[in-house]
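**Q** This is upload21.cif (mmCIF, C-alpha atoms and all ligand atoms).
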data_my_file
#
loop_
_atom_site.label_atom_id
_atom_site.label_comp_id
_atom_site.auth_asym_id
_atom_site.auth_seq_id
_atom_site.Cartn_x
_atom_site.Cartn_y
_atom_site.Cartn_z
CA MET N 290 17.76 0.13 33.91
CA ALA N 291 15.74 -0.35 30.75
CA PHE N 292 17.36 0.53 27.44
CA ILE N 293 15.56 1.67 24.34
CA ASN N 294 15.87 0.36 20.83
CA GLU N 295 18.15 3.13 19.61
CA ASN N 296 17.24 2.44 16.02
CA TYR N 297 14.05 4.39 16.72
CA LEU N 298 16.19 7.48 17.21
CA LYS N 299 17.32 7.27 13.60
CA LEU N 300 13.75 7.84 12.39
CA ARG N 301 12.75 11.27 11.17
CA GLY N 302 10.16 13.17 13.23
CA SER N 303 6.77 11.53 13.17
CA TYR N 304 5.19 9.15 10.68
CA LEU N 305 4.23 11.12 7.54
CA PHE N 306 0.46 10.90 7.94
CA SER N 307 0.61 11.74 11.67
CA GLU N 308 2.64 14.84 10.80
CA ILE N 309 0.06 15.92 8.23
CA ALA N 310 -2.82 15.33 10.67
CA LYS N 311 -0.98 17.45 13.26
CA ARG N 312 -0.49 20.35 10.83
CA VAL N 313 -4.09 20.19 9.65
CA ASN N 314 -5.38 20.16 13.25
CA ASN N 315 -3.27 23.22 14.10
CA PHE N 316 -4.66 25.02 11.07
CA LYS N 317 -8.19 24.01 12.03
CA ASN N 318 -7.72 25.33 15.58
CA GLU N 319 -6.51 28.67 14.23
CA ASN N 320 -9.21 28.78 11.53
CA PRO N 321 -12.26 27.08 13.03
CA ASN N 322 -14.54 28.17 10.18
CA ALA N 323 -12.38 26.82 7.35
CA LYS N 324 -14.17 24.09 5.40
CA ILE N 325 -11.26 21.73 4.96
CA ILE N 326 -11.32 19.07 2.23
CA ARG N 327 -9.04 16.14 3.00
CA LEU N 328 -7.43 14.50 0.00
CA GLY N 329 -4.28 13.58 1.92
CA ILE N 330 -4.19 10.11 3.46
CA GLY N 331 -5.66 7.46 1.19
CA ASP N 332 -8.66 6.73 3.37
CA VAL N 333 -11.93 5.68 1.79
CA THR N 334 -15.21 7.55 2.30
CA ARG N 335 -17.88 5.31 0.70
CA PRO N 336 -19.71 3.05 3.17
CA LEU N 337 -19.26 -0.72 3.16
CA VAL N 338 -21.44 -2.24 0.44
CA PRO N 339 -24.78 -3.94 1.33
CA ALA N 340 -23.51 -7.50 0.65
CA VAL N 341 -20.70 -6.95 3.18
CA ILE N 342 -22.98 -5.40 5.79
CA GLU N 343 -25.47 -8.24 5.44
CA ALA N 344 -22.74 -10.87 5.93
CA MET N 345 -21.43 -8.98 8.92
CA HIS N 346 -24.88 -8.84 10.57
CA LYS N 347 -25.33 -12.53 10.00
CA ALA N 348 -21.93 -13.29 11.53
CA VAL N 349 -22.74 -11.08 14.53
CA ASP N 350 -25.90 -13.12 15.11
CA GLU N 351 -23.88 -16.34 14.91
CA MET N 352 -21.62 -15.01 17.65
CA ALA N 353 -24.70 -14.55 19.87
CA LYS N 354 -25.63 -18.24 19.85
CA GLU N 355 -23.89 -20.97 21.77
CA ASP N 356 -23.80 -23.44 18.90
CA THR N 357 -22.40 -20.99 16.33
CA PHE N 358 -20.19 -18.87 18.58
CA ARG N 359 -16.46 -18.80 17.66
CA GLY N 360 -13.45 -18.11 19.80
CA TYR N 361 -9.91 -18.12 18.44
CA GLY N 362 -9.86 -18.84 14.73
CA PRO N 363 -6.92 -20.16 12.71
CA GLU N 364 -4.11 -17.58 12.85
CA GLN N 365 -3.76 -17.91 9.06
CA GLY N 366 -7.42 -17.17 8.38
CA TYR N 367 -10.57 -19.28 7.89
CA SER N 368 -10.54 -21.54 4.86
CA PHE N 369 -13.94 -20.22 3.71
CA LEU N 370 -12.20 -16.90 2.99
CA ILE N 371 -8.91 -18.35 1.74
CA ARG N 372 -10.74 -20.53 -0.79
CA LYS N 373 -12.66 -17.51 -2.09
CA ILE N 374 -9.41 -15.54 -2.45
CA ILE N 375 -7.85 -18.32 -4.51
CA GLU N 376 -10.96 -18.89 -6.64
CA ASN N 377 -11.48 -15.21 -7.41
CA ASP N 378 -8.15 -13.40 -7.25
CA TYR N 379 -5.78 -16.04 -8.62
CA ALA N 380 -7.40 -19.02 -10.41
CA PRO N 381 -9.01 -16.87 -13.16
CA ARG N 382 -5.53 -15.57 -14.03
CA GLY N 383 -4.15 -19.09 -14.25
CA ILE N 384 -2.22 -18.71 -10.99
CA GLU N 385 -2.05 -21.72 -8.69
CA ILE N 386 -1.81 -20.92 -5.01
CA GLY N 387 -2.22 -23.43 -2.19
CA GLU N 388 -4.51 -22.72 0.77
CA ASP N 389 -1.54 -22.87 3.11
CA GLU N 390 0.26 -20.21 1.08
CA ILE N 391 -2.24 -17.49 2.05
CA PHE N 392 -2.21 -15.66 5.36
CA VAL N 393 -5.20 -13.47 6.19
CA SER N 394 -4.26 -10.47 8.29
CA ASP N 395 -5.41 -7.12 9.63
CA GLY N 396 -3.73 -5.05 6.93
CA ALA N 397 -1.11 -4.72 4.24
CA LYS N 398 0.46 -1.98 6.33
CA SER N 399 1.10 -4.40 9.21
CA ASP N 400 2.24 -7.20 6.92
CA THR N 401 4.60 -5.08 4.83
CA GLY N 402 5.91 -3.63 8.09
CA ASN N 403 6.29 -7.00 9.85
CA ILE N 404 7.58 -9.18 7.02
CA GLN N 405 11.15 -7.89 7.46
CA GLU N 406 11.31 -9.75 10.81
CA ILE N 407 11.85 -13.06 9.04
CA PHE N 408 14.93 -11.75 7.20
CA GLY N 409 18.46 -11.34 8.56
CA LEU N 410 19.75 -7.91 9.49
CA ASP N 411 22.56 -8.06 6.93
CA ASN N 412 20.25 -8.00 3.92
CA ILE N 413 20.46 -4.95 1.71
CA ILE N 414 16.99 -3.71 0.92
CA ALA N 415 16.02 -1.77 -2.18
CA VAL N 416 13.09 0.61 -2.28
CA THR N 417 11.77 2.95 -4.92
CA ASP N 418 12.16 6.65 -4.21
CA PRO N 419 9.47 7.95 -3.61
CA VAL N 420 8.16 5.07 -1.50
CA TYR N 421 5.39 4.12 0.95
CA PRO N 422 7.20 5.06 4.20
CA VAL N 423 6.32 1.83 6.07
CA TYR N 424 8.87 -0.21 4.09
CA VAL N 425 11.73 2.06 5.07
CA ASP N 426 10.73 2.88 8.64
CA SER N 427 10.12 -0.75 9.62
CA ASN N 428 13.64 -1.65 8.44
CA VAL N 429 15.11 1.31 10.29
CA MET N 430 13.37 0.18 13.49
CA ALA N 431 14.79 -3.31 13.05
CA GLY N 432 18.34 -1.99 12.66
CA ARG N 433 18.80 -3.05 9.06
CA THR N 434 19.88 0.44 7.97
CA GLY N 435 22.52 2.93 8.94
CA GLU N 436 21.98 6.54 9.93
CA TYR N 437 19.83 9.09 8.18
CA SER N 438 21.89 11.42 6.03
CA GLU N 439 21.28 15.09 5.41
CA HIS N 440 20.41 14.22 1.80
CA GLY N 441 17.30 12.45 3.00
CA TYR N 442 18.56 8.88 2.64
CA PHE N 443 19.31 6.13 5.13
CA GLU N 444 22.67 4.43 4.82
CA LYS N 445 22.59 0.79 3.71
CA ILE N 446 19.38 1.17 1.71
CA THR N 447 19.47 1.11 -2.06
CA TYR N 448 17.10 3.73 -3.42
CA LEU N 449 15.67 3.35 -6.91
CA PRO N 450 14.77 6.82 -8.21
CA CYS N 451 11.39 7.21 -9.91
CA SER N 452 10.49 10.51 -11.51
CA ALA N 453 8.95 11.97 -14.65
CA GLU N 454 12.36 11.53 -16.33
CA ASN N 455 12.12 7.71 -16.21
CA ASN N 456 8.32 7.64 -16.38
CA PHE N 457 8.38 6.45 -12.75
CA ILE N 458 9.84 3.07 -13.75
CA PRO N 459 12.66 2.02 -11.41
CA GLU N 460 15.88 0.77 -12.98
CA LEU N 461 17.53 -2.41 -11.76
CA PRO N 462 20.10 -1.60 -9.06
CA LYS N 463 23.77 -1.37 -10.04
CA GLU N 464 24.89 -2.99 -6.79
CA LYS N 465 23.59 -6.33 -5.53
CA VAL N 466 20.52 -6.17 -3.28
CA ASP N 467 18.76 -8.93 -1.37
CA ILE N 468 15.21 -7.75 -0.70
CA ILE N 469 13.26 -5.56 -3.11
CA TYR N 470 10.07 -3.73 -2.19
CA LEU N 471 7.86 -3.00 -5.18
CA CYS N 472 4.40 -1.44 -5.03
CA PHE N 473 2.40 -1.39 -8.27
CA PRO N 474 0.05 0.30 -9.05
CA ASN N 475 2.29 2.58 -7.10
CA ASN N 476 1.64 4.43 -3.92
CA PRO N 477 2.39 7.37 -4.07
CA THR N 478 2.79 8.05 -7.82
CA GLY N 479 -0.24 6.10 -9.09
CA MET N 480 1.93 4.77 -11.94
CA THR N 481 2.24 1.14 -13.07
CA LEU N 482 4.75 -1.40 -14.42
CA SER N 483 4.10 -3.44 -17.56
CA LYS N 484 4.57 -7.21 -17.52
CA GLU N 485 7.88 -6.78 -19.37
CA GLU N 486 9.16 -4.38 -16.73
CA LEU N 487 8.03 -6.59 -13.88
CA LYS N 488 9.67 -9.60 -15.52
CA LYS N 489 13.04 -7.82 -15.34
CA TRP N 490 12.67 -7.75 -11.55
CA VAL N 491 11.66 -11.39 -11.32
CA ASP N 492 14.69 -12.31 -13.47
CA TYR N 493 16.93 -10.14 -11.29
CA ALA N 494 15.64 -11.81 -8.12
CA LYS N 495 16.14 -15.30 -9.56
CA LYS N 496 19.65 -14.50 -10.69
CA ASN N 497 20.68 -12.90 -7.39
CA ARG N 498 18.68 -15.13 -5.03
CA ALA N 499 16.83 -12.02 -3.89
CA VAL N 500 13.24 -11.82 -2.68
CA ILE N 501 10.65 -9.37 -4.03
CA LEU N 502 8.05 -8.01 -1.61
CA PHE N 503 5.26 -7.04 -3.98
CA ASP N 504 2.56 -4.75 -2.61
CA SER N 505 -0.47 -4.88 -4.89
CA ALA N 506 -2.95 -3.22 -2.56
CA TYR N 507 -4.24 -1.10 -5.45
CA GLU N 508 -4.66 -3.78 -8.13
CA ALA N 509 -8.47 -3.42 -8.14
CA PHE N 510 -8.06 0.07 -9.60
CA ILE N 511 -6.23 -1.12 -12.73
CA ARG N 512 -8.11 -0.09 -15.86
CA GLU N 513 -5.63 -0.75 -18.66
CA LYS N 514 -5.30 -4.22 -20.16
CA ASP N 515 -1.58 -4.90 -20.07
CA VAL N 516 -0.99 -3.98 -16.46
CA PRO N 517 -0.31 -7.02 -14.24
CA HIS N 518 -2.63 -7.41 -11.22
CA SER N 519 -0.41 -9.95 -9.52
CA ILE N 520 3.33 -10.55 -9.68
CA TYR N 521 2.52 -14.24 -10.12
CA GLU N 522 1.35 -13.44 -13.63
CA ILE N 523 5.08 -13.45 -14.37
CA GLU N 524 6.48 -16.91 -14.83
CA GLY N 525 8.77 -17.98 -12.03
CA ALA N 526 7.64 -15.22 -9.66
CA ASP N 527 6.29 -17.85 -7.28
CA GLU N 528 9.92 -18.79 -6.59
CA VAL N 529 11.01 -15.31 -5.56
CA ALA N 530 8.05 -13.13 -4.57
CA ILE N 531 5.72 -12.53 -1.65
CA GLU N 532 2.55 -10.61 -2.52
CA PHE N 533 0.48 -8.33 -0.29
CA ARG N 534 -3.20 -7.60 -0.98
CA SER N 535 -5.77 -5.68 0.97
CA PHE N 536 -9.54 -5.26 1.28
CA SER N 537 -8.96 -1.71 2.56
CA LYS N 538 -9.11 0.20 -0.69
CA THR N 539 -10.76 -2.54 -2.76
CA ALA N 540 -13.80 -2.93 -0.52
CA GLY N 541 -13.69 -0.05 1.95
CA PHE N 542 -12.12 -1.96 4.86
CA THR N 543 -9.72 0.76 6.07
CA GLY N 544 -11.59 0.88 9.38
CA THR N 545 -12.71 -2.75 9.34
CA ARG N 546 -9.23 -4.23 8.74
CA CYS N 547 -8.69 -7.24 6.53
CA ALA N 548 -5.92 -8.12 4.10
CA TYR N 549 -3.87 -11.08 3.06
CA THR N 550 -0.33 -12.04 2.15
CA VAL N 551 0.71 -14.79 -0.24
CA VAL N 552 3.91 -16.62 0.68
CA PRO N 553 4.49 -19.40 -1.86
CA LYS N 554 6.28 -22.43 -0.48
CA LYS N 555 8.84 -22.23 -3.27
CA VAL N 556 10.19 -18.92 -2.00
CA VAL N 557 13.32 -19.45 0.06
CA ALA N 558 16.05 -17.45 1.75
CA TYR N 559 19.33 -18.72 3.14
CA THR N 560 21.27 -19.20 6.35
CA LYS N 561 24.82 -17.80 6.50
CA ASN N 562 26.13 -21.21 5.48
CA GLY N 563 23.88 -21.38 2.46
CA GLU N 564 21.05 -23.61 3.67
CA ALA N 565 17.73 -22.76 2.02
CA HIS N 566 14.63 -22.23 4.19
CA GLN N 567 11.02 -21.74 3.15
CA LEU N 568 9.82 -18.26 4.01
CA ASN N 569 6.32 -19.70 4.25
CA SER N 570 7.18 -21.68 7.37
CA LEU N 571 9.04 -18.74 8.94
CA TRP N 572 6.08 -16.41 8.32
CA ASN N 573 3.72 -19.04 9.68
CA ARG N 574 5.88 -19.30 12.79
CA ARG N 575 5.90 -15.52 13.18
CA GLN N 576 2.15 -15.15 12.71
CA THR N 577 1.18 -18.02 15.01
CA THR N 578 3.35 -16.49 17.73
CA LYS N 579 2.41 -12.85 17.39
CA PHE N 580 -1.03 -12.78 15.77
CA ASN N 581 -4.34 -14.37 16.67
CA GLY N 582 -6.15 -13.89 13.42
CA VAL N 583 -8.73 -11.50 12.02
CA PRO N 584 -12.15 -11.60 13.74
CA TYR N 585 -14.63 -14.14 12.33
CA ILE N 586 -17.17 -11.37 11.67
CA ILE N 587 -14.67 -9.44 9.56
CA GLN N 588 -13.57 -12.51 7.61
CA GLN N 589 -17.21 -13.28 6.78
CA ALA N 590 -17.56 -9.67 5.64
CA ALA N 591 -14.46 -10.06 3.44
CA ALA N 592 -15.77 -13.34 1.99
CA ALA N 593 -18.98 -11.52 0.98
CA VAL N 594 -16.89 -9.22 -1.22
CA TYR N 595 -16.56 -12.22 -3.56
CA SER N 596 -20.29 -12.97 -3.87
CA PRO N 597 -21.82 -11.89 -7.21
CA GLU N 598 -23.65 -8.99 -5.48
CA GLY N 599 -20.51 -8.09 -3.53
CA GLN N 600 -18.43 -7.98 -6.72
CA LYS N 601 -21.00 -5.82 -8.49
CA GLN N 602 -21.30 -3.46 -5.55
CA ILE N 603 -17.58 -2.98 -4.94
CA LYS N 604 -17.08 -2.39 -8.65
CA GLU N 605 -19.53 0.51 -8.42
CA THR N 606 -17.55 1.96 -5.51
CA ILE N 607 -14.24 1.55 -7.31
CA ASP N 608 -15.73 3.19 -10.43
CA TYR N 609 -16.91 6.05 -8.25
CA TYR N 610 -13.37 6.67 -6.97
CA MET N 611 -11.88 6.34 -10.43
CA ASP N 612 -14.37 8.93 -11.72
CA ASN N 613 -13.11 11.17 -8.92
CA ALA N 614 -9.58 10.52 -10.16
CA LYS N 615 -10.59 11.68 -13.65
CA ILE N 616 -12.22 14.81 -12.25
CA ILE N 617 -9.09 15.71 -10.26
CA LYS N 618 -6.72 14.95 -13.11
CA GLN N 619 -8.74 17.06 -15.55
CA GLY N 620 -9.18 19.88 -13.02
CA LEU N 621 -5.45 20.07 -12.32
CA GLU N 622 -4.56 19.97 -16.01
CA ASP N 623 -7.08 22.76 -16.64
CA VAL N 624 -5.21 25.03 -14.23
CA GLY N 625 -1.97 24.22 -16.02
CA LEU N 626 -0.42 21.63 -13.70
CA THR N 627 1.44 18.54 -14.91
CA VAL N 628 -0.23 15.43 -13.59
CA PHE N 629 0.66 11.71 -13.40
CA GLY N 630 -1.19 8.64 -12.15
CA GLY N 631 -4.94 8.52 -11.63
CA VAL N 632 -5.51 6.12 -14.55
CA ASN N 633 -4.87 2.73 -12.91
CA ALA N 634 -4.72 3.94 -9.33
CA PRO N 635 -6.65 6.20 -6.96
CA TYR N 636 -3.65 8.52 -6.54
CA ILE N 637 -2.86 11.63 -8.55
CA TRP N 638 0.75 12.74 -8.50
CA LEU N 639 1.27 16.30 -9.63
CA LYS N 640 4.34 18.38 -10.30
CA THR N 641 4.39 21.44 -8.07
CA PRO N 642 4.81 24.79 -9.85
CA LYS N 643 8.43 25.71 -10.61
CA GLY N 644 10.39 26.68 -7.52
CA VAL N 645 7.67 25.58 -5.06
CA SER N 646 8.70 22.74 -2.75
CA SER N 647 6.32 19.95 -1.79
CA TRP N 648 5.78 21.28 1.75
CA GLU N 649 5.39 24.87 0.45
CA PHE N 650 2.70 23.60 -1.88
CA PHE N 651 1.07 21.77 1.05
CA ASP N 652 0.91 25.07 2.96
CA MET N 653 -0.39 26.96 -0.09
CA MET N 654 -3.16 24.42 -0.64
CA LEU N 655 -4.12 24.38 3.02
CA LYS N 656 -4.06 28.14 3.54
CA GLU N 657 -5.33 29.42 0.20
CA ILE N 658 -7.97 26.84 -0.70
CA ASN N 659 -8.27 24.66 2.46
CA VAL N 660 -7.48 21.44 0.60
CA VAL N 661 -5.20 18.85 2.21
CA GLY N 662 -2.87 16.70 0.13
CA THR N 663 0.39 14.85 0.79
CA PRO N 664 3.77 16.44 0.05
CA GLY N 665 5.76 14.26 -2.33
CA SER N 666 8.97 14.78 -0.36
CA GLY N 667 7.35 12.92 2.56
CA PHE N 668 7.74 9.76 0.45
CA GLY N 669 11.44 10.31 -0.23
CA PRO N 670 13.87 12.87 -1.65
CA ASN N 671 12.83 12.12 -5.23
CA GLY N 672 9.28 13.08 -4.32
CA GLU N 673 10.47 16.65 -3.80
CA GLY N 674 8.65 18.93 -6.21
CA TYR N 675 5.67 16.59 -6.37
CA PHE N 676 2.40 16.39 -4.47
CA ARG N 677 -0.16 13.60 -4.03
CA LEU N 678 -3.96 13.85 -4.02
CA THR N 679 -6.30 10.93 -3.43
CA ALA N 680 -9.46 10.08 -5.30
CA PHE N 681 -11.05 8.61 -2.16
CA GLY N 682 -13.00 11.74 -1.21
CA SER N 683 -16.74 12.17 -1.70
CA ARG N 684 -17.86 13.33 -5.16
CA GLU N 685 -19.10 16.59 -3.69
CA ASN N 686 -15.76 17.34 -2.02
CA THR N 687 -13.81 16.29 -5.10
CA ILE N 688 -15.75 18.66 -7.33
CA GLU N 689 -15.48 21.42 -4.74
CA ALA N 690 -11.70 20.89 -4.43
CA VAL N 691 -11.32 21.11 -8.20
CA GLU N 692 -13.32 24.36 -8.21
CA ARG N 693 -11.01 25.70 -5.53
CA PHE N 694 -7.86 24.83 -7.55
CA LYS N 695 -8.89 27.69 -9.85
CA ASN N 696 -8.29 30.10 -6.97
CA LEU N 697 -4.75 28.86 -6.32
CA LYS N 698 -2.20 31.56 -7.06
CA LEU N 699 0.14 29.50 -9.24
C1 LIG N 701 -1.68 6.28 2.06
O1 LIG N 701 -2.34 7.32 2.13
O2 LIG N 701 -0.58 6.22 1.53
C2 LIG N 701 -2.31 5.07 2.61
O3 LIG N 701 -3.59 5.31 3.02
C3 LIG N 701 -1.59 4.59 3.75
C4 LIG N 701 -1.99 3.22 4.12
O4 LIG N 701 -2.70 2.52 3.40
O5 LIG N 701 -1.55 2.82 5.18
#
Rewrite the coordinates I just gave you, this time as structure tokens.
**A**
Amino acid sequence: MAFINENYLKLRGSYLFSEIAKRVNNFKNENPNAKIIRLGIGDVTRPLVPAVIEAMHKAVDEMAKEDTFRGYGPEQGYSFLIRKIIENDYAPRGIEIGEDEIFVSDGAKSDTGNIQEIFGLDNIIAVTDPVYPVYVDSNVMAGRTGEYSEHGYFEKITYLPCSAENNFIPELPKEKVDIIYLCFPNNPTGMTLSKEELKKWVDYAKKNRAVILFDSAYEAFIREKDVPHSIYEIEGADEVAIEFRSFSKTAGFTGTRCAYTVVPKKVVAYTKNGEAHQLNSLWNRRQTTKFNGVPYIIQQAAAAVYSPEGQKQIKETIDYYMDNAKIIKQGLEDVGLTVFGGVNAPYIWLKTPKGVSSWEFFDMMLKEINVVGTPGSGFGPNGEGYFRLTAFGSRENTIEAVERFKNLKL
């Protein structure tokens, strides 16, 4: 008899974005003529930029010739890409990262979901509330949490509330935690942490021998000067933090799949009897066993993001999305809604009208104006009463959605 991993039974319903897709499809089946605008899942709509496409074509041709064909590549990624990452994303900020501290992968979603495997099951994890659901669900699946309570929380997780009351800045936990997930610029709220705020977390981790898992998938959208792009801008963070980055939102790779994770060799965690071990070698062991690397063609495409033309072209795309963010923010404010985010991130986090829950607002938007967003409560109990819209739509759809907001019966 085969037994299941019963931890899966603790999970709630389906994954948030699958649930939304299901509801939207049902609505579409019942209303085949509705012109639905999707500003729910943060999926990009602009095509890959010419520099990337050109590099991809070239790499495809190389794969067609015997002398340039490639089979398995290094599980950690090709050094031509890793060197470009270091030269462009870290060196200009004065951050020193070794080539063997970077692991190229197929996505920040997979890496932030898989990283927990190298940690013991007794660790207490801390997450912000609201939070990107992958951090929580992957720990539930592993058995690092208790049951799901009726209040919307899993036992044995420390939740760090973020709401308008604290300007979406999490406070340090009162009890001791071992692993801290931070995502800034934040998904879902679109809000950021200053260097001073981030330093508090690095200091906490150093003092408590904790590890910070820092998701900076949205750093390319930062517009304001004082907002850190990398946690390694904080002194000492390379002793306590792992950083996740992605080409998905930065360069339109959501369907193409390429990301990377930085695991500095100085970051350690401990055995039960107090022996320190490098997380870098554990992650390397995990990746070489379970992952065979990102395709050569895709890594060449990612490397082209760093060429002068690539940089110029992706900047235009990012500007396009951030102009969408401005349009949405303004449009929502004009109809009297309170809006957060959208300044250093492609997400707009709005307060639902008084007395309207996140899922009620989802239904209102879908039925009354055929616009899809993401209910804040899907990201955690503290997201209740909030709603997320993405700036990743086309300009035409963004403007049309804003026009339709005026017809919402608020
Ligand atoms: C989101 O909408 O939160 C993101 O697109 C999800 C992801 O990147 O996996």
**Q** Considering all atoms listed in the file, can you say which of N:Pro517, N:Gly396, N:Pro336, N:Gly582 comes closest to ligand LIG 701 (chain N)?
**A**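 Answer, going by the shortest atom-to-atom distance: N:Gly396.
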**Q** Could you work out how far CA of Asn456 (chain N) lies from CA of Thr550 (chain N), giving the answer in Å with one decimal?
**A**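 Going from CA of Thr550 (chain N) over to CA of Asn456 (chain N), I get 28.4 Å.
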**Q** Hey, can you check how far CA of Thr627 (chain N) sits from CA of Glu657 (chain N)?
**A** 19.8 Å
**Q** Neighbouring residues of ligand LIG 701 (chain N) are defined here as those with any atom at most 6 Å from a ligand atom, counting all atoms listed in the file; list them as a ChimeraX atom specification.
**A** /N:330-332,398
**Q** Report, in Å to a single decimal, how far apart CA of Lys496 (chain N) and CA of Val466 (chain N) are.
**A**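 We find that CA of Val466 (chain N) and CA of Lys496 (chain N) lie 11.2 Å from each other.
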**Q** What's around region 634-637 of chain N at 9 Å? Count all atoms listed in the file, leave out sequence neighbours fewer than 3 positions away in its own chain, and write the answer as a PDB file with C-alpha atoms, keeping the file's coordinate frame.
**A**
ATOM      1  CA  GLY N 331      -5.660   7.460   1.190  1.00  0.00           C
ATOM      2  CA  PHE N 473       2.400  -1.390  -8.270  1.00  0.00           C
ATOM      3  CA  PRO N 474       0.050   0.300  -9.050  1.00  0.00           C
ATOM      4  CA  ASN N 475       2.290   2.580  -7.100  1.00  0.00           C
ATOM      5  CA  ASN N 476       1.640   4.430  -3.920  1.00  0.00           C
ATOM      6  CA  PRO N 477       2.390   7.370  -4.070  1.00  0.00           C
ATOM      7  CA  THR N 478       2.790   8.050  -7.820  1.00  0.00           C
ATOM      8  CA  GLY N 479      -0.240   6.100  -9.090  1.00  0.00           C
ATOM      9  CA  MET N 480       1.930   4.770 -11.940  1.00  0.00           C
ATOM     10  CA  THR N 481       2.240   1.140 -13.070  1.00  0.00           C
ATOM     11  CA  TYR N 507      -4.240  -1.100  -5.450  1.00  0.00           C
ATOM     12  CA  GLU N 508      -4.660  -3.780  -8.130  1.00  0.00           C
ATOM     13  CA  ALA N 509      -8.470  -3.420  -8.140  1.00  0.00           C
ATOM     14  CA  PHE N 510      -8.060   0.070  -9.600  1.00  0.00           C
ATOM     15  CA  ILE N 511      -6.230  -1.120 -12.730  1.00  0.00           C
ATOM     16  CA  ARG N 512      -8.110  -0.090 -15.860  1.00  0.00           C
ATOM     17  CA  ILE N 607     -14.240   1.550  -7.310  1.00  0.00           C
ATOM     18  CA  TYR N 610     -13.370   6.670  -6.970  1.00  0.00           C
ATOM     19  CA  MET N 611     -11.880   6.340 -10.430  1.00  0.00           C
ATOM     20  CA  ASN N 613     -13.110  11.170  -8.920  1.00  0.00           C
ATOM     21  CA  ALA N 614      -9.580  10.520 -10.160  1.00  0.00           C
ATOM     22  CA  ILE N 617      -9.090  15.710 -10.260  1.00  0.00           C
ATOM     23  CA  LYS N 618      -6.720  14.950 -13.110  1.00  0.00           C
ATOM     24  CA  VAL N 628      -0.230  15.430 -13.590  1.00  0.00           C
ATOM     25  CA  PHE N 629       0.660  11.710 -13.400  1.00  0.00           C
ATOM     26  CA  GLY N 630      -1.190   8.640 -12.150  1.00  0.00           C
ATOM     27  CA  GLY N 631      -4.940   8.520 -11.630  1.00  0.00           C
ATOM     28  CA  PHE N 676       2.400  16.390  -4.470  1.00  0.00           C
ATOM     29  CA  ARG N 677      -0.160  13.600  -4.030  1.00  0.00           C
ATOM     30  CA  LEU N 678      -3.960  13.850  -4.020  1.00  0.00           C
ATOM     31  CA  THR N 679      -6.300  10.930  -3.430  1.00  0.00           C
ATOM     32  CA  ALA N 680      -9.460  10.080  -5.300  1.00  0.00           C
ATOM     33  CA  PHE N 681     -11.050   8.610  -2.160  1.00  0.00           C
TER      34      PHE N 681
END
**Q** Determine the nearest neighbour of Asn569 (chain N) from the options N:Ile391, N:Ala506, N:Ala590, N:Leu655, counting all atoms listed in the file.
**A**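 So, comparing all the options, the nearest one is N:Ile391.
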**Q** For Ile414 (chain N), please output as a list in words all residues within 9 Å (counting all atoms listed in the file; exclusion window: fewer than 4 positions along the same chain).
**A**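 Listing them by chain and then by number gives Val425, Asn428, Arg433, Thr434, Lys445, Ile446, Thr447, Tyr448, Val466, Asp467, Ile468, Ile469 and Tyr470 of chain N.
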**Q** With only C-alpha atoms as the basis for distance, which of N:Ser647, N:Gln600, N:Asp426, N:Cys547 is at the shortest distance from Gly302 (chain N)?
**A** N:Asp426
**Q** Considering only C-alpha atoms, can you say which of N:Tyr437, N:Lys555, N:Glu444, N:Glu319 comes closest to Ile386 (chain N)?
**A** N:Lys555
**Q** So that all listed atoms of region 489-508 of chain N fit with 8 Å spare on each side, what axis-aligned box centre and edge lengths in Å, to one decimal, would you give as JSON?
**A**
{"center_x": 8.0, "center_y": -8.2, "center_z": -8.5, "size_x": 41.3, "size_y": 30.2, "size_z": 29.7}
**Q** Counting all atoms listed in the file, figure out which residue out of N:Val551, N:Ile501, N:Val660, N:Ile586 gets nearest to Tyr379 (chain N).
**A**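 Checking each of N:Val551, N:Ile501, N:Val660, N:Ile586 against Tyr379 (chain N), counting all atoms listed in the file, the winner is N:Val551.
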**Q** Counting all atoms listed in the file, what is within 12 Å of Ala565 (chain N), bar same-chain residues fewer than 5 positions away, as a ChimeraX atom specification?
**A** /N:498,554-560,570-571
**Q** Pick the closest to Val583 (chain N) from N:Val529, N:Ala548, N:Ala540, N:Ile309: which is it, counting all atoms listed in the file?
**A**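 Looking at the shortest contact to Val583 (chain N), the residue is N:Ala548.
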**Q** In the coordinate frame of the file, compute which residues have an atom within 8 Å of (1.6, -20.7, 8.6) when using all atoms listed in the file, and state them as a ChimeraX atom specification.
**A** /N:364-365,389-390,392,569-574,576-577
